[in-house]
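Peer 1: Here it is, the structure in full.
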Amino acid sequence: MTMKIANVHNAGRVLVVAGCLCASALFAAETAKPPSRTPLSPLAELTRQKLALDQHFKQVNAWAGHQDLQQEFREAVAQKCNLTLPAMDALKRKDTTMSYADLVVAHTLAKAANLTYDQVKAERRRYGWADNALAHSVNLSTVTTPLEEIETTMQKHADKMQANAAQMEADAQRRYDRQMQQQQQRGSRRGGRGGGGVNTGNGGGGGGGAQ
């Protein structure tokens with residue numbers, strides 16, 4: 001009877017320990033989960049999207065100032081406007097008040113809202129791009145994404161240009177180092193020949209005097 005009671009107690013302790021281990025494992029799993037992100041309110045999300053549009057708009061126009069990447073930039077803008085490069089250049093010369101980012105957003109919005117470019121441009125004179133898009137039930141991310149893609153494309157071009165410049169500089173340094181080494185080697189050979197002739201002359205003169 002005593003043995004049966006002991007077994008029951010032992011079994012109880014095992015269950016308690018097992019239960020504690022399970023609870024610890026569950027607690028560890030819960031604490032390991034990343035904290036849940038509180039969704040933004042509709043107004044806060046709208047504000048975030050407007051700020052993102054404004055930021056990427058400015059970044060695209062900033063890329064227009066990189067003279068070394070003008071061709072690549074204009075090609076990227078023309079592609080997002082679904083225009084040929086000559087057509088985009090002609091439109092930019094005609095619409096002098098429209099920046100490159102304006103052209104991208106205008107063509108994107110016109111396509112999304114089933115409007116013409118001229119209609120969208122006329123509305124732009126009264127409202128900002130964000131309000132224009134919202135008035136036509138176009139999500140702001142729709143007009144922001146092409147701007148982001150242009151930034152990504154231009155950053156790749158800039159990184160490639162920088163890598164090429166670094167490679168050219170390294171190649172030029174290697175050529176310079178090789179030329180300097182060759183000059184030093186030629187100078188050493190000339191010095192060796194000149195030193196031998198002087199030593200021979202001095203030795204013969206000294207011998208003649210002694211005789």
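Following the order of the structure tokens, first chain is A, next is B, and so on, with residues numbered from 1 inside each chain and ligands from 1 in the order they appear.
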Can you pull out every residue from region 80-158 of chain A that DSSP, working from the backbone, puts in helix (DSSP H, G or I), and format the result as a CSV table (one decimal) with all heavy atoms, in the first residue's frame?
Peer 2:
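This went into result_13.csv:
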```csv
chain,number,residue,atom,x,y,z
A,80,LYS,N,8.6,54.9,-68.1
A,80,LYS,CA,7.4,54.9,-67.1
A,80,LYS,C,6.3,55.7,-67.7
A,80,LYS,O,5.1,55.5,-67.3
A,80,LYS,CB,7.9,55.5,-65.8
A,80,LYS,CG,8.9,54.7,-65.1
A,80,LYS,CD,8.3,53.3,-64.9
A,80,LYS,CE,9.4,52.4,-64.2
A,80,LYS,NZ,8.9,51.0,-64.1
A,85,LEU,N,11.7,57.9,-76.3
A,85,LEU,CA,12.6,59.0,-75.8
A,85,LEU,C,12.4,60.3,-76.5
A,85,LEU,O,12.3,61.3,-75.9
A,85,LEU,CB,14.0,58.5,-75.8
A,85,LEU,CG,15.1,59.5,-75.2
A,85,LEU,CD1,14.7,59.8,-73.7
A,85,LEU,CD2,16.5,58.9,-75.2
A,86,PRO,N,12.4,60.3,-77.9
A,86,PRO,CA,12.1,61.6,-78.6
A,86,PRO,C,10.8,62.2,-78.2
A,86,PRO,O,10.7,63.4,-78.1
A,86,PRO,CB,12.2,61.2,-80.0
A,86,PRO,CG,13.0,59.9,-80.1
A,86,PRO,CD,12.7,59.2,-78.8
A,87,ALA,N,9.8,61.4,-78.1
A,87,ALA,CA,8.4,61.9,-77.7
A,87,ALA,C,8.4,62.5,-76.3
A,87,ALA,O,7.8,63.6,-76.1
A,87,ALA,CB,7.4,60.8,-77.8
A,88,MET,N,9.1,61.9,-75.4
A,88,MET,CA,9.2,62.4,-74.0
A,88,MET,C,10.0,63.7,-74.0
A,88,MET,O,9.6,64.7,-73.3
A,88,MET,CB,9.8,61.4,-73.1
A,88,MET,CG,9.7,61.7,-71.6
A,88,MET,SD,10.9,62.9,-71.0
A,88,MET,CE,12.4,61.9,-71.2
A,89,ASP,N,11.1,63.8,-74.8
A,89,ASP,CA,11.9,65.0,-74.8
A,89,ASP,C,11.1,66.1,-75.4
A,89,ASP,O,11.1,67.3,-74.9
A,89,ASP,CB,13.1,64.7,-75.7
A,89,ASP,CG,14.2,63.9,-74.9
A,89,ASP,OD1,14.1,63.9,-73.7
A,89,ASP,OD2,15.0,63.3,-75.6
A,90,ALA,N,10.3,65.8,-76.4
A,90,ALA,CA,9.5,66.9,-77.1
A,90,ALA,C,8.4,67.4,-76.1
A,90,ALA,O,8.1,68.6,-76.0
A,90,ALA,CB,8.8,66.3,-78.3
A,91,LEU,N,7.8,66.5,-75.4
A,91,LEU,CA,6.8,66.8,-74.4
A,91,LEU,C,7.4,67.7,-73.3
A,91,LEU,O,6.8,68.7,-72.8
A,91,LEU,CB,6.1,65.6,-73.8
A,91,LEU,CG,5.0,65.8,-72.8
A,91,LEU,CD1,3.8,66.6,-73.5
A,91,LEU,CD2,4.5,64.5,-72.3
A,92,LYS,N,8.6,67.3,-72.8
A,92,LYS,CA,9.2,68.1,-71.8
A,92,LYS,C,9.6,69.5,-72.2
A,92,LYS,O,9.4,70.5,-71.5
A,92,LYS,CB,10.5,67.4,-71.3
A,92,LYS,CG,11.2,68.0,-70.2
A,92,LYS,CD,10.4,67.9,-68.9
A,92,LYS,CE,11.2,68.4,-67.7
A,92,LYS,NZ,11.4,69.9,-67.7
A,93,ARG,N,10.0,69.6,-73.5
A,93,ARG,CA,10.3,71.0,-74.0
A,93,ARG,C,9.0,71.8,-74.2
A,93,ARG,O,9.0,73.0,-74.0
A,93,ARG,CB,11.0,70.9,-75.4
A,93,ARG,CG,12.4,70.4,-75.3
A,93,ARG,CD,13.1,70.6,-76.6
A,93,ARG,NE,12.5,69.8,-77.7
A,93,ARG,CZ,12.9,68.5,-78.0
A,93,ARG,NH1,13.9,67.9,-77.3
A,93,ARG,NH2,12.3,67.9,-79.0
A,94,LYS,N,7.9,71.1,-74.5
A,94,LYS,CA,6.6,71.8,-74.7
A,94,LYS,C,6.0,72.2,-73.3
A,94,LYS,O,5.6,73.4,-73.1
A,94,LYS,CB,5.6,70.9,-75.4
A,94,LYS,CG,4.2,71.5,-75.6
A,94,LYS,CD,3.3,70.5,-76.2
A,94,LYS,CE,1.9,71.0,-76.3
A,94,LYS,NZ,1.0,70.0,-76.8
A,100,TYR,N,10.2,66.3,-64.5
A,100,TYR,CA,10.2,64.9,-65.0
A,100,TYR,C,9.3,64.1,-64.1
A,100,TYR,O,8.6,63.2,-64.6
A,100,TYR,CB,11.6,64.4,-64.9
A,100,TYR,CG,12.5,64.9,-66.1
A,100,TYR,CD1,13.4,65.8,-65.9
A,100,TYR,CD2,12.3,64.3,-67.4
A,100,TYR,CE1,14.2,66.3,-67.0
A,100,TYR,CE2,13.1,64.7,-68.4
A,100,TYR,CZ,14.0,65.7,-68.2
A,100,TYR,OH,14.8,66.2,-69.3
A,101,ALA,N,9.3,64.4,-62.8
A,101,ALA,CA,8.4,63.6,-61.9
A,101,ALA,C,6.9,63.9,-62.2
A,101,ALA,O,6.1,63.0,-62.1
A,101,ALA,CB,8.7,63.9,-60.4
A,102,ASP,N,6.6,65.2,-62.6
A,102,ASP,CA,5.3,65.5,-63.0
A,102,ASP,C,4.8,64.7,-64.2
A,102,ASP,O,3.7,64.2,-64.2
A,102,ASP,CB,5.2,67.0,-63.4
A,102,ASP,CG,5.2,67.9,-62.2
A,102,ASP,OD1,4.5,67.6,-61.2
A,102,ASP,OD2,5.8,69.0,-62.2
A,103,LEU,N,5.7,64.5,-65.1
A,103,LEU,CA,5.4,63.7,-66.3
A,103,LEU,C,5.0,62.3,-66.0
A,103,LEU,O,4.1,61.7,-66.5
A,103,LEU,CB,6.5,63.8,-67.3
A,103,LEU,CG,6.9,65.1,-68.0
A,103,LEU,CD1,8.0,65.0,-69.0
A,103,LEU,CD2,5.6,65.7,-68.7
A,104,VAL,N,5.9,61.7,-65.1
A,104,VAL,CA,5.6,60.3,-64.7
A,104,VAL,C,4.3,60.2,-64.0
A,104,VAL,O,3.5,59.3,-64.3
A,104,VAL,CB,6.8,59.8,-63.8
A,104,VAL,CG1,6.5,58.5,-63.2
A,104,VAL,CG2,8.1,59.8,-64.6
A,105,VAL,N,4.0,61.0,-63.0
A,105,VAL,CA,2.8,60.9,-62.2
A,105,VAL,C,1.6,61.2,-63.1
A,105,VAL,O,0.6,60.5,-63.0
A,105,VAL,CB,2.8,61.9,-61.0
A,105,VAL,CG1,1.5,61.9,-60.3
A,105,VAL,CG2,3.9,61.5,-60.1
A,106,ALA,N,1.7,62.2,-64.0
A,106,ALA,CA,0.6,62.6,-64.9
A,106,ALA,C,0.2,61.4,-65.8
A,106,ALA,O,-1.0,61.1,-65.9
A,106,ALA,CB,0.9,63.8,-65.7
A,107,HIS,N,1.2,60.8,-66.4
A,107,HIS,CA,0.9,59.7,-67.3
A,107,HIS,C,0.4,58.4,-66.5
A,107,HIS,O,-0.5,57.7,-67.0
A,107,HIS,CB,2.1,59.3,-68.1
A,107,HIS,CG,2.4,60.2,-69.3
A,107,HIS,ND1,3.1,61.4,-69.1
A,107,HIS,CD2,2.0,60.1,-70.6
A,107,HIS,CE1,3.1,62.0,-70.3
A,107,HIS,NE2,2.5,61.3,-71.2
A,108,THR,N,0.9,58.2,-65.4
A,108,THR,CA,0.5,57.1,-64.5
A,108,THR,C,-1.0,57.3,-64.1
A,108,THR,O,-1.8,56.4,-64.2
A,108,THR,CB,1.4,56.9,-63.3
A,108,THR,OG1,2.7,56.7,-63.7
A,108,THR,CG2,1.0,55.7,-62.5
A,109,LEU,N,-1.3,58.5,-63.6
A,109,LEU,CA,-2.6,58.8,-63.1
A,109,LEU,C,-3.6,58.8,-64.3
A,109,LEU,O,-4.8,58.3,-64.1
A,109,LEU,CB,-2.6,60.2,-62.4
A,109,LEU,CG,-4.0,60.6,-61.9
A,109,LEU,CD1,-4.6,59.6,-61.0
A,109,LEU,CD2,-3.8,62.0,-61.2
A,110,ALA,N,-3.2,59.3,-65.4
A,110,ALA,CA,-4.1,59.3,-66.6
A,110,ALA,C,-4.5,57.9,-67.0
A,110,ALA,O,-5.7,57.6,-67.3
A,110,ALA,CB,-3.5,60.0,-67.8
A,111,LYS,N,-3.5,57.0,-67.0
A,111,LYS,CA,-3.8,55.6,-67.3
A,111,LYS,C,-4.7,54.9,-66.3
A,111,LYS,O,-5.7,54.2,-66.6
A,111,LYS,CB,-2.5,54.9,-67.5
A,111,LYS,CG,-2.7,53.4,-67.9
A,111,LYS,CD,-1.3,52.7,-68.0
A,111,LYS,CE,-1.5,51.2,-68.4
A,111,LYS,NZ,-0.2,50.6,-68.5
A,112,ALA,N,-4.4,55.2,-65.0
A,112,ALA,CA,-5.2,54.5,-63.9
A,112,ALA,C,-6.6,55.0,-63.9
A,112,ALA,O,-7.5,54.3,-63.5
A,112,ALA,CB,-4.5,54.7,-62.6
A,113,ALA,N,-6.8,56.3,-64.2
A,113,ALA,CA,-8.1,56.9,-64.1
A,113,ALA,C,-8.9,57.0,-65.4
A,113,ALA,O,-10.0,57.5,-65.5
A,113,ALA,CB,-8.0,58.3,-63.5
A,117,TYR,N,-3.8,62.7,-70.8
A,117,TYR,CA,-2.7,63.4,-70.2
A,117,TYR,C,-3.1,64.9,-70.0
A,117,TYR,O,-2.9,65.5,-68.9
A,117,TYR,CB,-1.5,63.3,-71.0
A,117,TYR,CG,-0.4,64.3,-70.6
A,117,TYR,CD1,0.4,64.0,-69.5
A,117,TYR,CD2,-0.1,65.4,-71.4
A,117,TYR,CE1,1.4,64.9,-69.2
A,117,TYR,CE2,0.9,66.3,-71.0
A,117,TYR,CZ,1.7,66.0,-69.9
A,117,TYR,OH,2.7,66.9,-69.6
A,118,ASP,N,-3.8,65.5,-71.0
A,118,ASP,CA,-4.2,66.9,-70.9
A,118,ASP,C,-5.2,67.2,-69.8
A,118,ASP,O,-5.2,68.2,-69.2
A,118,ASP,CB,-4.7,67.4,-72.3
A,118,ASP,CG,-3.6,67.5,-73.3
A,118,ASP,OD1,-2.4,67.8,-72.9
A,118,ASP,OD2,-3.9,67.4,-74.5
A,119,GLN,N,-6.1,66.2,-69.7
A,119,GLN,CA,-7.1,66.4,-68.6
A,119,GLN,C,-6.4,66.4,-67.2
A,119,GLN,O,-6.8,67.2,-66.3
A,119,GLN,CB,-8.1,65.2,-68.7
A,119,GLN,CG,-9.1,65.3,-69.8
A,119,GLN,CD,-10.0,64.1,-69.9
A,119,GLN,OE1,-9.6,63.0,-69.8
A,119,GLN,NE2,-11.3,64.3,-70.0
A,120,VAL,N,-5.5,65.4,-67.0
A,120,VAL,CA,-4.8,65.3,-65.7
A,120,VAL,C,-4.0,66.6,-65.5
A,120,VAL,O,-4.0,67.1,-64.4
A,120,VAL,CB,-4.0,64.1,-65.7
A,120,VAL,CG1,-3.1,64.0,-64.5
A,120,VAL,CG2,-4.9,62.8,-65.7
A,121,LYS,N,-3.3,67.0,-66.5
A,121,LYS,CA,-2.5,68.2,-66.4
A,121,LYS,C,-3.3,69.4,-66.0
A,121,LYS,O,-2.9,70.3,-65.2
A,121,LYS,CB,-1.7,68.5,-67.7
A,121,LYS,CG,-0.6,69.6,-67.6
A,121,LYS,CD,0.1,69.8,-68.9
A,121,LYS,CE,-0.8,70.4,-69.9
A,121,LYS,NZ,-0.1,70.8,-71.1
A,122,ALA,N,-4.5,69.6,-66.6
A,122,ALA,CA,-5.4,70.7,-66.3
A,122,ALA,C,-5.8,70.7,-64.9
A,122,ALA,O,-5.9,71.7,-64.2
A,122,ALA,CB,-6.6,70.7,-67.3
A,123,GLU,N,-6.1,69.5,-64.4
A,123,GLU,CA,-6.6,69.4,-63.0
A,123,GLU,C,-5.4,69.7,-62.0
A,123,GLU,O,-5.6,70.1,-60.9
A,123,GLU,CB,-7.1,68.0,-62.7
A,123,GLU,CG,-8.4,67.7,-63.4
A,123,GLU,CD,-8.9,66.3,-63.2
A,123,GLU,OE1,-8.2,65.5,-62.5
A,123,GLU,OE2,-10.0,65.9,-63.7
A,124,ARG,N,-4.2,69.4,-62.5
A,124,ARG,CA,-3.0,69.6,-61.7
A,124,ARG,C,-2.8,71.0,-61.3
A,124,ARG,O,-2.2,71.4,-60.3
A,124,ARG,CB,-1.8,69.0,-62.4
A,124,ARG,CG,-0.4,69.4,-61.8
A,124,ARG,CD,-0.3,68.6,-60.5
A,124,ARG,NE,1.0,68.9,-59.9
A,124,ARG,CZ,1.3,69.9,-59.1
A,124,ARG,NH1,0.4,70.8,-58.8
A,124,ARG,NH2,2.5,70.0,-58.6
A,129,TRP,N,-1.0,66.4,-56.7
A,129,TRP,CA,-1.2,65.1,-57.3
A,129,TRP,C,-1.9,64.1,-56.4
A,129,TRP,O,-2.7,63.3,-56.8
A,129,TRP,CB,0.2,64.5,-57.6
A,129,TRP,CG,0.9,65.1,-58.8
A,129,TRP,CD1,2.1,65.8,-58.9
A,129,TRP,CD2,0.3,65.2,-60.1
A,129,TRP,NE1,2.3,66.2,-60.2
A,129,TRP,CE2,1.2,65.9,-61.0
A,129,TRP,CE3,-0.9,64.8,-60.7
A,129,TRP,CZ2,1.0,66.1,-62.3
A,129,TRP,CZ3,-1.1,65.0,-62.1
A,129,TRP,CH2,-0.2,65.6,-62.8
A,130,ALA,N,-1.6,64.2,-55.1
A,130,ALA,CA,-2.3,63.3,-54.1
A,130,ALA,C,-3.8,63.5,-54.2
A,130,ALA,O,-4.6,62.5,-54.2
A,130,ALA,CB,-1.8,63.5,-52.7
A,131,ASP,N,-4.3,64.7,-54.1
A,131,ASP,CA,-5.7,65.0,-54.1
A,131,ASP,C,-6.3,64.6,-55.4
A,131,ASP,O,-7.5,64.1,-55.5
A,131,ASP,CB,-5.9,66.5,-53.8
A,131,ASP,CG,-5.6,66.9,-52.4
A,131,ASP,OD1,-5.6,66.0,-51.5
A,131,ASP,OD2,-5.2,68.1,-52.2
A,132,ASN,N,-5.6,64.8,-56.5
A,132,ASN,CA,-6.1,64.4,-57.8
A,132,ASN,C,-6.3,62.9,-57.9
A,132,ASN,O,-7.3,62.5,-58.4
A,132,ASN,CB,-5.0,64.8,-58.9
A,132,ASN,CG,-5.5,66.0,-59.7
A,132,ASN,OD1,-6.7,66.4,-59.7
A,132,ASN,ND2,-4.6,66.6,-60.5
A,133,ALA,N,-5.3,62.2,-57.4
A,133,ALA,CA,-5.4,60.7,-57.5
A,133,ALA,C,-6.6,60.2,-56.6
A,133,ALA,O,-7.4,59.4,-57.1
A,133,ALA,CB,-4.1,60.1,-57.0
A,134,LEU,N,-6.7,60.8,-55.4
A,134,LEU,CA,-7.8,60.4,-54.5
A,134,LEU,C,-9.2,60.8,-55.1
A,134,LEU,O,-10.2,60.0,-55.0
A,134,LEU,CB,-7.6,61.0,-53.2
A,134,LEU,CG,-6.4,60.6,-52.4
A,134,LEU,CD1,-6.2,61.4,-51.1
A,134,LEU,CD2,-6.5,59.1,-52.0
A,135,ALA,N,-9.2,61.9,-55.8
A,135,ALA,CA,-10.5,62.3,-56.4
A,135,ALA,C,-11.0,61.4,-57.5
A,135,ALA,O,-12.2,61.2,-57.7
A,135,ALA,CB,-10.4,63.7,-57.0
A,140,LEU,N,-2.8,56.0,-53.8
A,140,LEU,CA,-1.5,56.8,-54.0
A,140,LEU,C,-0.3,55.9,-54.3
A,140,LEU,O,0.6,56.4,-54.9
A,140,LEU,CB,-1.3,57.6,-52.7
A,140,LEU,CG,-2.3,58.7,-52.4
A,140,LEU,CD1,-1.9,59.5,-51.2
A,140,LEU,CD2,-2.5,59.6,-53.6
A,141,SER,N,-0.3,54.7,-53.8
A,141,SER,CA,0.8,53.8,-54.1
A,141,SER,C,0.9,53.6,-55.6
A,141,SER,O,2.0,53.3,-56.2
A,141,SER,CB,0.6,52.5,-53.4
A,141,SER,OG,-0.5,51.8,-53.8
A,142,THR,N,-0.2,53.7,-56.4
A,142,THR,CA,-0.2,53.5,-57.8
A,142,THR,C,0.7,54.5,-58.5
A,142,THR,O,1.4,54.2,-59.5
A,142,THR,CB,-1.6,53.5,-58.4
A,142,THR,OG1,-2.4,52.5,-57.8
A,142,THR,CG2,-1.6,53.3,-59.9
A,143,VAL,N,0.6,55.8,-58.1
A,143,VAL,CA,1.4,56.8,-58.7
A,143,VAL,C,2.7,57.0,-58.1
A,143,VAL,O,3.6,57.6,-58.6
A,143,VAL,CB,0.6,58.2,-58.6
A,143,VAL,CG1,-0.6,58.1,-59.5
A,143,VAL,CG2,0.3,58.5,-57.2
A,144,THR,N,2.9,56.4,-56.9
A,144,THR,CA,4.2,56.4,-56.2
A,144,THR,C,5.2,55.4,-56.7
A,144,THR,O,6.4,55.6,-56.8
A,144,THR,CB,4.1,56.3,-54.7
A,144,THR,OG1,3.2,57.3,-54.2
A,144,THR,CG2,5.4,56.4,-54.0
A,145,THR,N,4.7,54.2,-57.0
A,145,THR,CA,5.5,53.1,-57.4
A,145,THR,C,6.4,53.4,-58.6
A,145,THR,O,7.6,53.0,-58.6
A,145,THR,CB,4.6,51.8,-57.7
A,145,THR,OG1,4.0,51.4,-56.5
A,145,THR,CG2,5.5,50.7,-58.2
A,146,PRO,N,5.9,54.0,-59.7
A,146,PRO,CA,6.8,54.3,-60.8
A,146,PRO,C,8.0,55.2,-60.4
A,146,PRO,O,9.1,55.0,-60.9
A,146,PRO,CB,5.9,54.9,-61.8
A,146,PRO,CG,4.5,54.5,-61.5
A,146,PRO,CD,4.5,54.3,-60.0
A,147,LEU,N,7.7,56.1,-59.5
A,147,LEU,CA,8.8,57.0,-59.0
A,147,LEU,C,9.9,56.2,-58.3
A,147,LEU,O,11.1,56.4,-58.5
A,147,LEU,CB,8.2,58.1,-58.1
A,147,LEU,CG,7.2,59.0,-58.8
A,147,LEU,CD1,6.6,60.0,-57.7
A,147,LEU,CD2,7.8,59.8,-59.9
A,148,GLU,N,9.4,55.3,-57.4
A,148,GLU,CA,10.3,54.4,-56.7
A,148,GLU,C,11.2,53.6,-57.7
A,148,GLU,O,12.4,53.4,-57.5
A,148,GLU,CB,9.6,53.5,-55.7
A,148,GLU,CG,8.9,54.2,-54.6
A,148,GLU,CD,8.2,53.3,-53.7
A,148,GLU,OE1,8.8,52.7,-52.8
A,148,GLU,OE2,7.0,53.0,-53.9
A,149,GLU,N,10.5,53.1,-58.7
A,149,GLU,CA,11.2,52.2,-59.7
A,149,GLU,C,12.3,53.0,-60.4
A,149,GLU,O,13.4,52.5,-60.7
A,149,GLU,CB,10.2,51.6,-60.6
A,149,GLU,CG,9.3,50.5,-59.9
A,149,GLU,CD,8.2,50.0,-60.8
A,149,GLU,OE1,8.0,50.6,-61.9
A,149,GLU,OE2,7.6,49.0,-60.4
A,150,ILE,N,12.0,54.2,-60.7
A,150,ILE,CA,13.0,55.1,-61.4
A,150,ILE,C,14.2,55.3,-60.5
A,150,ILE,O,15.4,55.2,-60.9
A,150,ILE,CB,12.4,56.4,-61.8
A,150,ILE,CG1,11.4,56.3,-63.0
A,150,ILE,CG2,13.5,57.4,-62.2
A,150,ILE,CD1,10.7,57.5,-63.4
A,151,GLU,N,13.9,55.6,-59.2
A,151,GLU,CA,15.0,55.7,-58.2
A,151,GLU,C,15.9,54.5,-58.2
A,151,GLU,O,17.1,54.6,-58.1
A,151,GLU,CB,14.4,56.0,-56.8
A,151,GLU,CG,13.8,57.4,-56.7
A,151,GLU,CD,13.2,57.5,-55.3
A,151,GLU,OE1,14.0,57.6,-54.3
A,151,GLU,OE2,12.0,57.6,-55.1
A,152,THR,N,15.3,53.3,-58.1
A,152,THR,CA,16.0,52.0,-58.1
A,152,THR,C,16.9,51.9,-59.3
A,152,THR,O,18.1,51.5,-59.2
A,152,THR,CB,15.0,50.9,-57.9
A,152,THR,OG1,14.3,51.0,-56.7
A,152,THR,CG2,15.8,49.5,-57.9
A,153,THR,N,16.3,52.2,-60.5
A,153,THR,CA,17.0,52.1,-61.7
A,153,THR,C,18.2,53.0,-61.7
A,153,THR,O,19.4,52.6,-62.1
A,153,THR,CB,16.1,52.4,-62.9
A,153,THR,OG1,15.1,51.4,-63.0
A,153,THR,CG2,16.9,52.3,-64.2
A,154,MET,N,18.0,54.2,-61.3
A,154,MET,CA,19.1,55.2,-61.3
A,154,MET,C,20.2,54.9,-60.3
A,154,MET,O,21.4,55.1,-60.6
A,154,MET,CB,18.5,56.6,-61.1
A,154,MET,CG,17.6,57.1,-62.2
A,154,MET,SD,18.3,57.0,-63.8
A,154,MET,CE,19.8,58.0,-63.6
A,155,GLN,N,19.8,54.3,-59.2
A,155,GLN,CA,20.8,54.0,-58.2
A,155,GLN,C,21.7,52.9,-58.7
A,155,GLN,O,22.9,52.8,-58.5
A,155,GLN,CB,20.1,53.5,-56.9
A,155,GLN,CG,21.1,53.3,-55.7
A,155,GLN,CD,21.9,54.5,-55.4
A,155,GLN,OE1,21.3,55.6,-55.1
A,155,GLN,NE2,23.2,54.5,-55.4
A,156,LYS,N,21.1,51.9,-59.5
A,156,LYS,CA,21.9,50.9,-60.1
A,156,LYS,C,22.9,51.4,-61.1
A,156,LYS,O,24.0,51.0,-61.2
A,156,LYS,CB,21.0,49.8,-60.8
A,156,LYS,CG,20.2,49.0,-59.8
A,156,LYS,CD,19.3,48.0,-60.6
A,156,LYS,CE,18.5,47.1,-59.6
A,156,LYS,NZ,17.6,46.2,-60.3
A,157,HIS,N,22.4,52.4,-61.9
A,157,HIS,CA,23.3,53.1,-62.9
A,157,HIS,C,24.4,53.8,-62.2
A,157,HIS,O,25.6,53.8,-62.6
A,157,HIS,CB,22.5,54.0,-63.8
A,157,HIS,CG,21.7,53.4,-64.8
A,157,HIS,ND1,22.2,52.5,-65.7
A,157,HIS,CD2,20.4,53.5,-65.1
A,157,HIS,CE1,21.2,52.1,-66.6
A,157,HIS,NE2,20.1,52.7,-66.2
A,158,ALA,N,24.1,54.5,-61.1
A,158,ALA,CA,25.1,55.2,-60.3
A,158,ALA,C,26.1,54.3,-59.7
A,158,ALA,O,27.3,54.6,-59.7
A,158,ALA,CB,24.4,56.1,-59.2
```
Peer 1: Expressed in Å to a single decimal, how great is the separation between CA of Glu45 (chain A) and CA of Gln59 (chain A)?
Peer 2: 21.0 Å
Peer 1: Which residue is closest to Ser137 (chain A)? Choose from A:Asn114, A:Ala166, A:Arg189, A:Ala52 and count only C-alpha atoms.
Peer 2: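 Of the candidates, the smallest distance to Ser137 (chain A) is held by A:Asn114.
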Peer 1: Quick one: pull the distance between CA of Arg48 (chain A) and CA of Met98 (chain A), Å, one decimal.
Peer 2: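 Interatomic distance, CA of Arg48 (chain A) to CA of Met98 (chain A): 24.5 Å.
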Peer 1: Quick one: pull the distance between CA of Lys58 (chain A) and CA of Asn164 (chain A), Å, one decimal.
Peer 2: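 About the pair CA of Lys58 (chain A) and CA of Asn164 (chain A): they are 27.3 Å apart.
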